[in-house]
file coords_2.txt (compact mmCIF, C-alpha atoms)
# COMPACT_ATOMS: atom_id res chain seq x y z
CA MET A 191 29.15 -28.88 0.37
CA ASN A 192 28.09 -25.55 -1.13
CA SER A 193 27.79 -26.66 -4.72
CA SER A 194 25.83 -24.49 -7.10
CA ASP A 195 24.30 -27.61 -8.62
CA LYS A 196 20.68 -26.80 -9.41
CA GLN A 197 19.63 -30.29 -8.38
CA GLY A 198 21.26 -29.78 -5.00
CA GLY A 199 18.03 -28.86 -3.26
CA VAL A 200 16.92 -26.04 -1.09
CA THR A 201 19.69 -26.09 1.48
CA ASP A 202 22.37 -25.31 -1.09
CA ARG A 203 20.84 -21.98 -2.07
CA LYS A 204 21.49 -19.01 0.14
CA ILE A 205 18.25 -17.03 0.33
CA PRO A 206 18.56 -13.37 1.42
CA ASN A 207 16.80 -12.35 4.63
CA SER A 208 14.62 -9.88 2.74
CA VAL A 209 13.22 -12.77 0.69
CA ILE A 210 12.83 -15.05 3.71
CA LYS A 211 10.69 -12.38 5.34
CA ARG A 212 8.23 -12.58 2.44
CA LEU A 213 7.93 -16.40 2.57
CA PRO A 214 5.05 -16.47 5.09
CA LEU A 215 3.15 -13.96 2.93
CA TYR A 216 3.56 -16.20 -0.12
CA HIS A 217 2.79 -19.28 1.94
CA ARG A 218 -0.44 -17.88 3.34
CA TYR A 219 -1.69 -16.63 -0.02
CA LEU A 220 -0.83 -19.92 -1.74
CA CYS A 221 -2.81 -21.75 0.97
CA GLN A 222 -5.76 -19.47 0.21
CA LEU A 223 -5.47 -20.28 -3.51
CA MET A 224 -5.29 -24.03 -2.81
CA ARG A 225 -8.45 -23.81 -0.72
CA GLN A 226 -10.09 -22.02 -3.66
CA LYS A 227 -8.89 -24.83 -5.99
CA VAL A 228 -6.75 -22.44 -8.05
CA ASP A 229 -4.05 -24.41 -9.94
CA ARG A 230 -1.88 -21.65 -11.30
CA ILE A 231 -1.30 -17.93 -10.94
CA SER A 232 0.58 -15.29 -12.91
CA SER A 233 3.25 -13.09 -11.35
CA GLN A 234 1.08 -10.04 -12.19
CA LYS A 235 -1.87 -11.44 -10.22
CA LEU A 236 0.37 -12.48 -7.30
CA ALA A 237 1.95 -9.03 -7.30
CA GLY A 238 -1.43 -7.26 -7.26
CA GLU A 239 -2.77 -9.29 -4.34
CA LEU A 240 0.40 -9.09 -2.25
CA GLY A 241 1.24 -5.45 -2.90
CA LEU A 242 4.58 -6.24 -4.58
CA THR A 243 5.80 -5.68 -8.13
CA ALA A 244 5.71 -8.50 -10.68
CA SER A 245 9.47 -8.31 -11.15
CA GLN A 246 10.04 -8.58 -7.38
CA ILE A 247 7.85 -11.70 -7.37
CA ARG A 248 9.80 -13.26 -10.24
CA GLN A 249 13.12 -12.43 -8.57
CA ASP A 250 12.00 -13.88 -5.21
CA LEU A 251 10.54 -17.04 -6.67
CA ASN A 252 13.69 -17.71 -8.68
CA TYR A 253 15.33 -18.63 -5.36
CA PHE A 254 12.85 -21.45 -4.86
CA GLY A 255 13.31 -23.19 -8.19
CA ASN A 256 11.94 -23.03 -11.68
CA PHE A 257 8.20 -22.88 -11.16
CA GLY A 258 7.25 -20.07 -13.51
CA MET A 259 6.57 -20.71 -17.18
CA ARG A 260 6.03 -17.90 -19.67
CA GLY A 261 2.35 -17.63 -20.53
CA TYR A 262 1.43 -20.24 -17.92
CA GLY A 263 2.30 -18.64 -14.60
CA TYR A 264 3.19 -20.50 -11.42
CA ASN A 265 1.98 -23.92 -10.35
CA VAL A 266 0.32 -23.09 -7.02
CA LYS A 267 0.78 -26.47 -5.35
CA GLU A 268 4.43 -27.00 -6.33
CA LEU A 269 5.32 -23.49 -5.25
CA HIS A 270 3.49 -23.97 -1.95
CA ASN A 271 5.30 -27.24 -1.21
CA GLU A 272 8.71 -25.80 -2.00
CA ILE A 273 8.16 -22.79 0.26
CA ALA A 274 6.85 -25.04 3.06
CA GLN A 275 10.03 -27.11 2.77
CA ILE A 276 12.27 -24.04 2.92
CA ILE A 277 10.49 -22.74 6.00
CA GLY A 278 10.79 -26.23 7.44
CA LEU A 279 7.07 -26.56 8.04
CA LYS A 280 7.25 -30.32 7.77
CA GLU A 281 9.43 -30.53 10.86
CA GLN A 282 7.89 -30.26 14.31
CA ARG A 283 9.15 -27.67 16.74
CA GLN A 284 8.51 -27.44 20.49
CA LEU A 285 8.01 -24.02 22.07
CA VAL A 286 7.43 -22.52 25.51
CA ILE A 287 6.06 -19.03 26.18
CA VAL A 288 7.39 -16.96 29.07
CA GLY A 289 4.80 -14.32 29.97
CA ALA A 290 1.15 -15.44 30.12
CA GLY A 291 -0.38 -11.99 29.57
CA ARG A 292 -2.61 -11.00 26.64
CA LEU A 293 0.08 -11.27 24.00
CA GLY A 294 1.21 -14.69 25.23
CA ARG A 295 -2.42 -15.80 25.06
CA VAL A 296 -2.88 -14.37 21.55
CA LEU A 297 0.06 -16.48 20.41
CA ILE A 298 -1.00 -19.71 22.12
CA ASP A 299 -4.50 -19.35 20.65
CA TYR A 300 -3.32 -18.48 17.14
CA PRO A 301 -4.84 -21.08 14.83
CA ASP A 302 -2.17 -21.26 12.12
CA PHE A 303 0.85 -22.29 14.18
CA LYS A 304 -0.01 -25.91 14.91
CA GLU A 305 -0.69 -26.75 11.27
CA MET A 306 2.69 -25.23 10.49
CA GLY A 307 4.46 -27.58 12.90
CA PHE A 308 4.87 -25.25 15.87
CA TYR A 309 3.75 -26.83 19.15
CA PHE A 310 3.38 -24.67 22.24
CA ARG A 311 4.08 -26.91 25.25
CA ALA A 312 3.65 -24.67 28.28
CA LEU A 313 3.54 -21.10 29.57
CA PHE A 314 5.47 -19.56 32.47
CA ASP A 315 4.63 -16.51 34.57
CA ASN A 316 5.33 -15.02 37.99
CA ASP A 317 1.74 -13.87 38.65
CA PRO A 318 0.16 -16.04 41.39
CA GLU A 319 -3.26 -15.31 39.81
CA LEU A 320 -2.15 -17.03 36.61
CA ILE A 321 0.08 -19.87 37.85
CA GLY A 322 -1.72 -23.21 37.76
CA ARG A 323 -4.38 -22.06 35.28
CA GLU A 324 -4.67 -23.46 31.75
CA ILE A 325 -4.98 -21.68 28.41
CA ASN A 326 -5.94 -23.62 25.34
CA GLY A 327 -5.12 -26.84 27.22
CA LYS A 328 -1.62 -25.58 28.13
CA LYS A 329 -0.62 -25.13 31.76
CA ILE A 330 0.83 -21.92 33.19
CA TYR A 331 3.79 -22.79 35.44
CA ASN A 332 5.68 -20.74 37.98
CA ILE A 333 8.62 -19.07 36.23
CA ALA A 334 10.85 -20.46 38.99
CA ARG A 335 10.33 -23.89 37.39
CA LEU A 336 11.53 -22.86 33.92
CA GLU A 337 15.13 -24.04 34.37
CA GLN A 338 14.07 -27.50 35.54
CA TYR A 339 11.40 -27.78 32.83
CA LEU A 340 14.03 -27.15 30.15
CA GLN A 341 16.23 -29.88 31.60
CA GLU A 342 13.37 -32.36 31.45
CA ASN A 343 11.87 -31.39 28.06
CA ARG A 344 13.51 -30.77 24.70
CA ILE A 345 12.37 -27.28 23.73
CA ASP A 346 13.50 -25.75 20.43
CA ILE A 347 12.26 -22.17 20.73
CA GLY A 348 11.60 -19.93 23.71
CA VAL A 349 9.06 -17.13 23.27
CA ILE A 350 9.37 -14.07 25.54
CA THR A 351 6.25 -11.93 26.05
CA THR A 352 7.18 -10.26 29.33
CA PRO A 353 7.85 -6.58 30.14
CA PRO A 354 11.35 -5.41 29.12
CA GLU A 355 13.09 -5.64 32.51
CA PRO A 356 13.30 -9.42 33.05
CA ALA A 357 13.63 -10.31 29.35
CA ARG A 358 17.41 -10.62 29.14
CA GLU A 359 17.65 -12.79 32.27
CA ILE A 360 14.88 -15.06 30.97
CA ALA A 361 16.70 -15.31 27.65
CA GLU A 362 19.82 -16.51 29.47
CA ILE A 363 17.85 -19.23 31.28
CA LEU A 364 16.42 -20.31 27.91
CA VAL A 365 19.86 -20.40 26.28
CA ASN A 366 21.37 -22.37 29.16
CA GLY A 367 18.38 -24.71 28.91
CA GLY A 368 19.37 -25.55 25.34
CA VAL A 369 16.88 -23.70 23.11
CA LYS A 370 18.11 -23.03 19.58
CA GLY A 371 16.09 -19.87 19.04
CA ILE A 372 14.48 -17.02 20.99
CA TRP A 373 11.39 -15.19 19.68
CA ASN A 374 11.47 -11.99 21.72
CA PHE A 375 8.36 -9.75 21.92
CA ALA A 376 9.52 -7.86 25.02
CA PRO A 377 10.12 -4.23 24.05
CA THR A 378 13.87 -4.44 24.47
CA THR A 379 16.57 -5.60 22.07
CA PHE A 380 19.34 -8.12 22.82
CA ASN A 381 21.42 -10.70 21.09
CA PHE A 382 23.63 -13.70 21.77
CA ASP A 383 26.53 -15.29 19.98
CA GLN A 384 24.89 -16.63 16.81
CA GLU A 385 26.79 -19.91 17.16
CA GLN A 386 24.93 -20.50 20.38
CA VAL A 387 21.38 -19.32 19.68
CA VAL A 388 19.41 -17.30 17.10
CA VAL A 389 17.33 -14.34 18.35
CA GLU A 390 14.44 -12.59 16.57
CA ASN A 391 13.57 -9.33 18.31
CA VAL A 392 9.98 -8.61 17.28
CA CYS A 393 8.49 -5.14 17.21
CA ILE A 394 4.69 -5.31 17.00
CA GLY A 395 4.66 -1.82 15.51
CA GLU A 396 7.15 -2.63 12.74
CA SER A 397 4.59 -2.98 9.98
CA LEU A 398 2.71 0.09 11.26
CA PHE A 399 5.89 2.08 10.56
CA THR A 400 6.20 0.56 7.12
CA LEU A 401 2.56 1.46 6.47
CA THR A 402 3.11 5.01 7.67
CA CYS A 403 6.20 5.46 5.48
CA ARG A 404 4.30 4.15 2.47
CA ILE A 405 1.34 6.50 3.11
CA LYS A 406 3.80 9.39 3.34
CA GLU A 407 5.41 8.41 0.03
CA GLN A 408 1.99 8.08 -1.60
CA ILE A 409 0.86 11.54 -0.41
CA GLU A 410 4.09 13.08 -1.69
CA ARG A 411 3.66 11.35 -5.05
CA VAL A 412 0.12 12.74 -5.44
CA GLU A 413 1.31 16.23 -4.39
CA ASN A 414 4.07 16.05 -7.01
CA ILE A 415 1.57 15.10 -9.72
CA LEU A 416 -0.72 17.95 -8.69
CA GLY A 417 2.31 20.26 -8.77
CA MET B 74 10.67 18.28 -7.10
CA ASN B 75 12.88 15.18 -6.93
CA SER B 76 16.24 16.88 -6.77
CA SER B 77 19.19 14.86 -5.56
CA ASP B 78 20.37 17.87 -3.55
CA LYS B 79 21.78 16.56 -0.28
CA GLN B 80 20.23 19.48 1.59
CA GLY B 81 16.85 18.54 0.21
CA GLY B 82 15.84 16.57 3.28
CA VAL B 83 14.51 13.16 3.92
CA THR B 84 11.63 13.16 1.48
CA ASP B 85 13.89 13.43 -1.54
CA ARG B 86 15.65 10.13 -0.88
CA LYS B 87 13.96 6.93 -1.92
CA ILE B 88 14.53 4.38 0.84
CA PRO B 89 14.06 0.69 -0.10
CA ASN B 90 11.33 -1.22 1.73
CA SER B 91 13.88 -3.64 3.19
CA VAL B 92 15.58 -0.71 4.92
CA ILE B 93 12.28 0.84 6.04
CA LYS B 94 11.42 -2.44 7.77
CA ARG B 95 14.54 -2.11 9.93
CA LEU B 96 13.80 1.49 10.99
CA PRO B 97 11.70 0.56 14.06
CA LEU B 98 14.48 -1.78 15.21
CA TYR B 99 17.03 1.05 14.95
CA HIS B 100 14.58 3.50 16.51
CA ARG B 101 13.88 1.30 19.51
CA TYR B 102 17.53 0.53 20.17
CA LEU B 103 18.56 4.18 19.82
CA CYS B 104 15.84 5.08 22.36
CA GLN B 105 17.35 2.50 24.73
CA LEU B 106 20.82 4.05 24.25
CA MET B 107 19.48 7.56 24.87
CA ARG B 108 17.89 6.39 28.13
CA GLN B 109 21.28 4.93 29.09
CA LYS B 110 22.93 8.29 28.24
CA VAL B 111 25.07 6.78 25.50
CA ASP B 112 26.23 9.51 23.07
CA ARG B 113 27.72 7.49 20.26
CA ILE B 114 27.95 3.94 18.99
CA SER B 115 30.08 2.09 16.44
CA SER B 116 28.56 0.14 13.56
CA GLN B 117 30.20 -3.02 14.99
CA LYS B 118 28.43 -2.55 18.34
CA LEU B 119 25.11 -1.72 16.65
CA ALA B 120 25.48 -4.78 14.43
CA GLY B 121 26.18 -7.10 17.37
CA GLU B 122 23.18 -5.91 19.36
CA LEU B 123 20.75 -5.97 16.43
CA GLY B 124 21.89 -9.21 14.84
CA LEU B 125 22.96 -7.52 11.57
CA THR B 126 26.35 -7.17 9.93
CA ALA B 127 28.37 -3.96 10.32
CA SER B 128 28.38 -3.41 6.57
CA GLN B 129 24.58 -3.76 6.44
CA ILE B 130 24.32 -1.14 9.18
CA ARG B 131 26.60 1.27 7.32
CA GLN B 132 24.69 0.72 4.08
CA ASP B 133 21.30 1.29 5.77
CA LEU B 134 22.38 4.36 7.68
CA ASN B 135 23.82 5.95 4.56
CA TYR B 136 20.21 6.49 3.46
CA PHE B 137 19.55 8.67 6.48
CA GLY B 138 22.45 11.08 6.06
CA ASN B 139 26.08 11.34 7.01
CA PHE B 140 26.08 10.46 10.68
CA GLY B 141 28.95 8.02 10.84
CA MET B 142 32.53 9.20 11.27
CA ARG B 143 35.52 6.88 10.98
CA GLY B 144 36.86 6.11 14.42
CA TYR B 145 34.01 7.95 16.11
CA GLY B 146 30.91 5.96 15.26
CA TYR B 147 27.38 7.31 15.08
CA ASN B 148 25.91 10.18 17.04
CA VAL B 149 23.02 8.47 18.81
CA LYS B 150 20.76 11.50 19.20
CA GLU B 151 21.15 12.83 15.65
CA LEU B 152 20.57 9.39 14.18
CA HIS B 153 17.50 8.90 16.38
CA ASN B 154 16.00 12.23 15.33
CA GLU B 155 16.56 11.60 11.65
CA ILE B 156 14.93 8.16 11.81
CA ALA B 157 11.98 9.55 13.79
CA GLN B 158 11.50 12.17 11.08
CA ILE B 159 11.60 9.58 8.29
CA ILE B 160 9.04 7.40 10.04
CA GLY B 161 7.00 10.54 10.54
CA LEU B 162 6.83 10.14 14.29
CA LYS B 163 6.43 13.84 14.78
CA GLU B 164 3.11 13.79 12.96
CA GLN B 165 -0.01 12.60 14.75
CA ARG B 166 -2.12 9.83 13.26
CA GLN B 167 -5.65 8.79 14.18
CA LEU B 168 -6.54 5.08 14.18
CA VAL B 169 -9.56 2.87 14.77
CA ILE B 170 -9.46 -0.86 15.50
CA VAL B 171 -12.09 -3.19 14.08
CA GLY B 172 -12.18 -6.35 16.19
CA ALA B 173 -12.04 -5.92 19.99
CA GLY B 174 -10.73 -9.41 20.80
CA ARG B 175 -7.42 -10.20 22.49
CA LEU B 176 -5.23 -8.97 19.67
CA GLY B 177 -7.16 -5.69 19.34
CA ARG B 178 -6.72 -5.20 23.07
CA VAL B 179 -2.99 -6.00 22.93
CA LEU B 180 -2.61 -3.23 20.34
CA ILE B 181 -4.69 -0.61 22.15
CA ASP B 182 -2.76 -1.28 25.37
CA TYR B 183 0.67 -1.24 23.72
CA PRO B 184 2.67 1.45 25.52
CA ASP B 185 4.94 2.60 22.68
CA PHE B 186 2.38 3.72 20.10
CA LYS B 187 1.15 6.94 21.70
CA GLU B 188 4.63 8.32 22.19
CA MET B 189 5.25 7.58 18.51
CA GLY B 190 2.27 9.69 17.44
CA PHE B 191 -0.30 6.92 16.90
CA TYR B 192 -3.64 7.63 18.59
CA PHE B 193 -6.24 4.89 18.81
CA ARG B 194 -9.64 6.59 18.84
CA ALA B 195 -12.18 3.77 19.12
CA LEU B 196 -12.81 0.06 18.68
CA PHE B 197 -15.62 -1.67 16.78
CA ASP B 198 -17.02 -5.16 17.21
CA ASN B 199 -20.21 -7.14 16.57
CA ASP B 200 -20.18 -8.99 19.91
CA PRO B 201 -23.05 -7.68 22.14
CA GLU B 202 -20.93 -8.66 25.18
CA LEU B 203 -18.25 -6.20 24.12
CA ILE B 204 -20.24 -3.32 22.60
CA GLY B 205 -20.50 -0.37 24.98
CA ARG B 206 -17.54 -1.46 27.13
CA GLU B 207 -14.30 0.52 27.36
CA ILE B 208 -10.68 -0.60 27.00
CA ASN B 209 -7.89 1.70 28.03
CA GLY B 210 -10.40 4.59 28.01
CA LYS B 211 -11.50 3.80 24.45
CA LYS B 212 -15.10 2.84 23.71
CA ILE B 213 -16.12 -0.31 21.81
CA TYR B 214 -18.85 0.61 19.30
CA ASN B 215 -21.22 -1.55 17.30
CA ILE B 216 -19.61 -2.33 13.96
CA ALA B 217 -22.82 -1.13 12.28
CA ARG B 218 -21.80 2.38 13.31
CA LEU B 219 -18.37 2.27 11.61
CA GLU B 220 -19.47 3.95 8.37
CA GLN B 221 -21.08 6.88 10.16
CA TYR B 222 -18.15 7.22 12.57
CA LEU B 223 -15.75 7.57 9.65
CA GLN B 224 -17.91 10.31 8.14
CA GLU B 225 -17.83 12.26 11.39
CA ASN B 226 -14.17 11.71 12.35
CA ARG B 227 -10.98 12.03 10.33
CA ILE B 228 -9.29 8.66 10.67
CA ASP B 229 -5.93 8.01 8.97
CA ILE B 230 -5.45 4.29 9.53
CA GLY B 231 -7.89 1.42 10.05
CA VAL B 232 -6.64 -1.64 11.95
CA ILE B 233 -8.38 -4.97 11.27
CA THR B 234 -8.10 -7.67 13.96
CA THR B 235 -11.15 -9.76 13.03
CA PRO B 236 -11.39 -13.35 11.75
CA PRO B 237 -10.64 -13.69 8.02
CA GLU B 238 -14.21 -13.83 6.68
CA PRO B 239 -15.43 -10.26 7.25
CA ALA B 240 -12.01 -8.62 6.76
CA ARG B 241 -12.34 -7.64 3.11
CA GLU B 242 -15.79 -6.10 3.57
CA ILE B 243 -14.57 -4.13 6.58
CA ALA B 244 -11.59 -2.94 4.54
CA GLU B 245 -13.99 -1.58 1.90
CA ILE B 246 -15.97 0.35 4.51
CA LEU B 247 -12.68 1.80 5.80
CA VAL B 248 -11.53 2.78 2.30
CA ASN B 249 -14.89 4.39 1.46
CA GLY B 250 -14.65 6.18 4.80
CA GLY B 251 -11.44 7.86 3.67
CA VAL B 252 -8.63 6.09 5.53
CA LYS B 253 -5.22 6.33 3.87
CA GLY B 254 -3.91 3.03 5.18
CA ILE B 255 -5.09 -0.37 6.41
CA TRP B 256 -3.11 -2.41 8.95
CA ASN B 257 -4.57 -5.89 8.46
CA PHE B 258 -3.98 -8.60 11.08
CA ALA B 259 -6.84 -10.84 9.89
CA PRO B 260 -5.32 -14.06 8.52
CA THR B 261 -6.26 -13.29 4.93
CA THR B 262 -4.46 -11.26 2.30
CA PHE B 263 -5.96 -8.51 0.12
CA ASN B 264 -4.99 -5.31 -1.57
CA PHE B 265 -6.46 -2.17 -3.10
CA ASP B 266 -5.35 0.20 -5.78
CA GLN B 267 -2.28 1.84 -4.23
CA GLU B 268 -3.42 5.27 -5.41
CA GLN B 269 -6.43 4.88 -3.18
CA VAL B 270 -5.09 3.27 -0.02
CA VAL B 271 -1.97 1.50 1.27
CA VAL B 272 -2.42 -1.96 2.87
CA GLU B 273 -0.02 -3.80 5.18
CA ASN B 274 -1.04 -7.44 5.58
CA VAL B 275 0.55 -8.56 8.85
CA CYS B 276 1.38 -12.14 9.64
CA ILE B 277 2.04 -12.59 13.36
CA GLY B 278 4.10 -15.68 12.60
CA GLU B 279 6.34 -13.94 10.06
CA SER B 280 9.30 -13.51 12.36
CA LEU B 281 8.82 -17.05 13.73
CA PHE B 282 9.43 -18.31 10.18
CA THR B 283 12.49 -16.11 9.85
CA LEU B 284 13.75 -17.47 13.16
CA THR B 285 13.11 -21.04 12.05
CA CYS B 286 14.93 -20.51 8.74
CA ARG B 287 17.90 -19.01 10.57
CA ILE B 288 18.04 -21.92 13.07
CA LYS B 289 18.00 -24.34 10.13
CA GLU B 290 20.86 -22.47 8.43
CA GLN B 291 22.83 -22.43 11.67
CA ILE B 292 22.42 -26.17 12.24
CA GLU B 293 23.51 -26.89 8.65
CA ARG B 294 26.55 -24.63 9.09
CA VAL B 295 27.63 -26.50 12.24
CA GLU B 296 27.06 -29.87 10.53
CA ASN B 297 29.22 -28.75 7.60
CA ILE B 298 32.02 -27.72 9.95
CA LEU B 299 31.84 -31.03 11.77
CA GLY B 300 31.90 -32.79 8.38
call {"tool": "encode", "arguments": {"input": "coords_2.txt", "output": "structure tokens"}}
result
Amino acid sequence: MNSSDKQGGVTDRKIPNSVIKRLPLYHRYLCQLMRQKVDRISSQKLAGELGLTASQIRQDLNYFGNFGMRGYGYNVKELHNEIAQIIGLKEQRQLVIVGAGRLGRVLIDYPDFKEMGFYFRALFDNDPELIGREINGKKIYNIARLEQYLQENRIDIGVITTPPEPAREIAEILVNGGVKGIWNFAPTTFNFDQEQVVVENVCIGESLFTLTCRIKEQIERVENILG
Amino acid sequence: MNSSDKQGGVTDRKIPNSVIKRLPLYHRYLCQLMRQKVDRISSQKLAGELGLTASQIRQDLNYFGNFGMRGYGYNVKELHNEIAQIIGLKEQRQLVIVGAGRLGRVLIDYPDFKEMGFYFRALFDNDPELIGREINGKKIYNIARLEQYLQENRIDIGVITTPPEPAREIAEILVNGGVKGIWNFAPTTFNFDQEQVVVENVCIGESLFTLTCRIKEQIERVENILG
């Protein structure tokens, strides 16, 4: 099945994780350009706006097909559609959130997700103050009902926004309930057999570290120039 | 200044961005191990817990120095300290948040940041309902006061958690006010001259895309096996 035939479509190309991580950045910026009725963009301009180098852009976009033309740049709409297809934005995915605190509510309110095909179905919590309330039209259920809910509803992705202690146990309930992926925001790291379920452990501060490292590099560069 | 002398310390080694992005993941997990009084760990074990391959781990950790020993694994504490130094956790950084909505409040409440040397000093908003209130002991000021505040206080990093429309203008006020970095959560992408300021455009959904891509890959792999 793994032919290297260029006509073989997206699924035949193995895209490195480092490139996949930049897809949402490209996708968002291409959406912006489409709203501004921009038809094409050069790799230099893309690089400048996204804080990458032009050669990195060209290398990344080579994975998605042959959209760049010398002296013309990239066709914004074609590139956007290809990236959307790779991310799988045209498929719908059902999600539940476990943990109805502030972060859970940030996620369920986030405007972009629905248009990208991610549907939050319900929230779960153990706080009696929260159980039975609604956020953004979605009900908060007692966490004790999670197992049964997963039996009755096909859920693709479970989102964990609880404190660290219960996170692993919740993840096991989600896995037994048949989710294919876990998006874990709890400040603890775990994993399952990849054949069974895919886990993304999210660290809110990740990009703050990246920023800090880049500031440090920049200061050192200036100090070197100044001698 | 850029000697390749192995004794030259962290700042002499150029670490790729893809590796830098994994530092917080390593850092968090090593903290967990230290709390559990674990002294050493093999690359296989690290890989399993973090969802990476053992060879990726070995490659990454080579950037940080020679901590791995065949048949022994990695010294947890030494590795932790080296990573903390690279991230610059031992230096203190002053931050302000512009946008005191849910996301701004998630960030200012986040327990890990302070112990990592990130100090949130104040929030700014234009909502009269919010101005003058306090969150987590930090005051919410009128956004009209941001420029003056930056003149009177040395702020390293500005965090933007507003809607997309005002984000670029706020970023300019922050840059003119002397910040070295901008951590932008507003759903819009922009950049400045890197000599002047470093920008990290954050997309909350980024890791959800990564997760989705990995689920897709996994399903295709299983389908291929089943024929």
call {"tool": "atom_distance", "arguments": {"input": "coords_2.txt", "atom1": "CA of His270 (chain A)", "atom2": "CA of Ala237 (chain A)"}}
result
15.9 Å
call {"tool": "closest_residue", "arguments": {"input": "coords_2.txt", "among": "B:Ser91, B:Ile255, B:Ala173, B:Gln132", "to": "Ile216 (chain B)", "atoms": "all atoms listed in the file"}}
result
B:Ala173
call {"tool": "residues_near_point", "arguments": {"input": "coords_2.txt", "point": "(-10.2, -1.3, 29.7)", "cutoff": "12 Å", "atoms": "all atoms listed in the file", "output": "MDAnalysis selection string"}}
result
chainID B and resid 173 175 177:179 181:182 195:196 203 205:213
call {"tool": "atom_distance", "arguments": {"input": "coords_2.txt", "atom1": "CA of Asn215 (chain B)", "atom2": "CA of Tyr192 (chain B)"}}
result
19.9 Å
call {"tool": "closest_residue", "arguments": {"input": "coords_2.txt", "among": "B:Val295, B:Gln109, B:Arg101, B:Ala244", "to": "Trp256 (chain B)", "atoms": "only C-alpha atoms"}}
result
B:Ala244
call {"tool": "atom_distance", "arguments": {"input": "coords_2.txt", "atom1": "CA of Thr379 (chain A)", "atom2": "CA of Leu293 (chain A)"}}
result
17.5 Å
call {"tool": "closest_residue", "arguments": {"input": "coords_2.txt", "among": "A:Asn207, A:Gln341, A:Thr351, A:Gln284", "to": "chain B", "atoms": "only C-alpha atoms"}}
result
A:Asn207
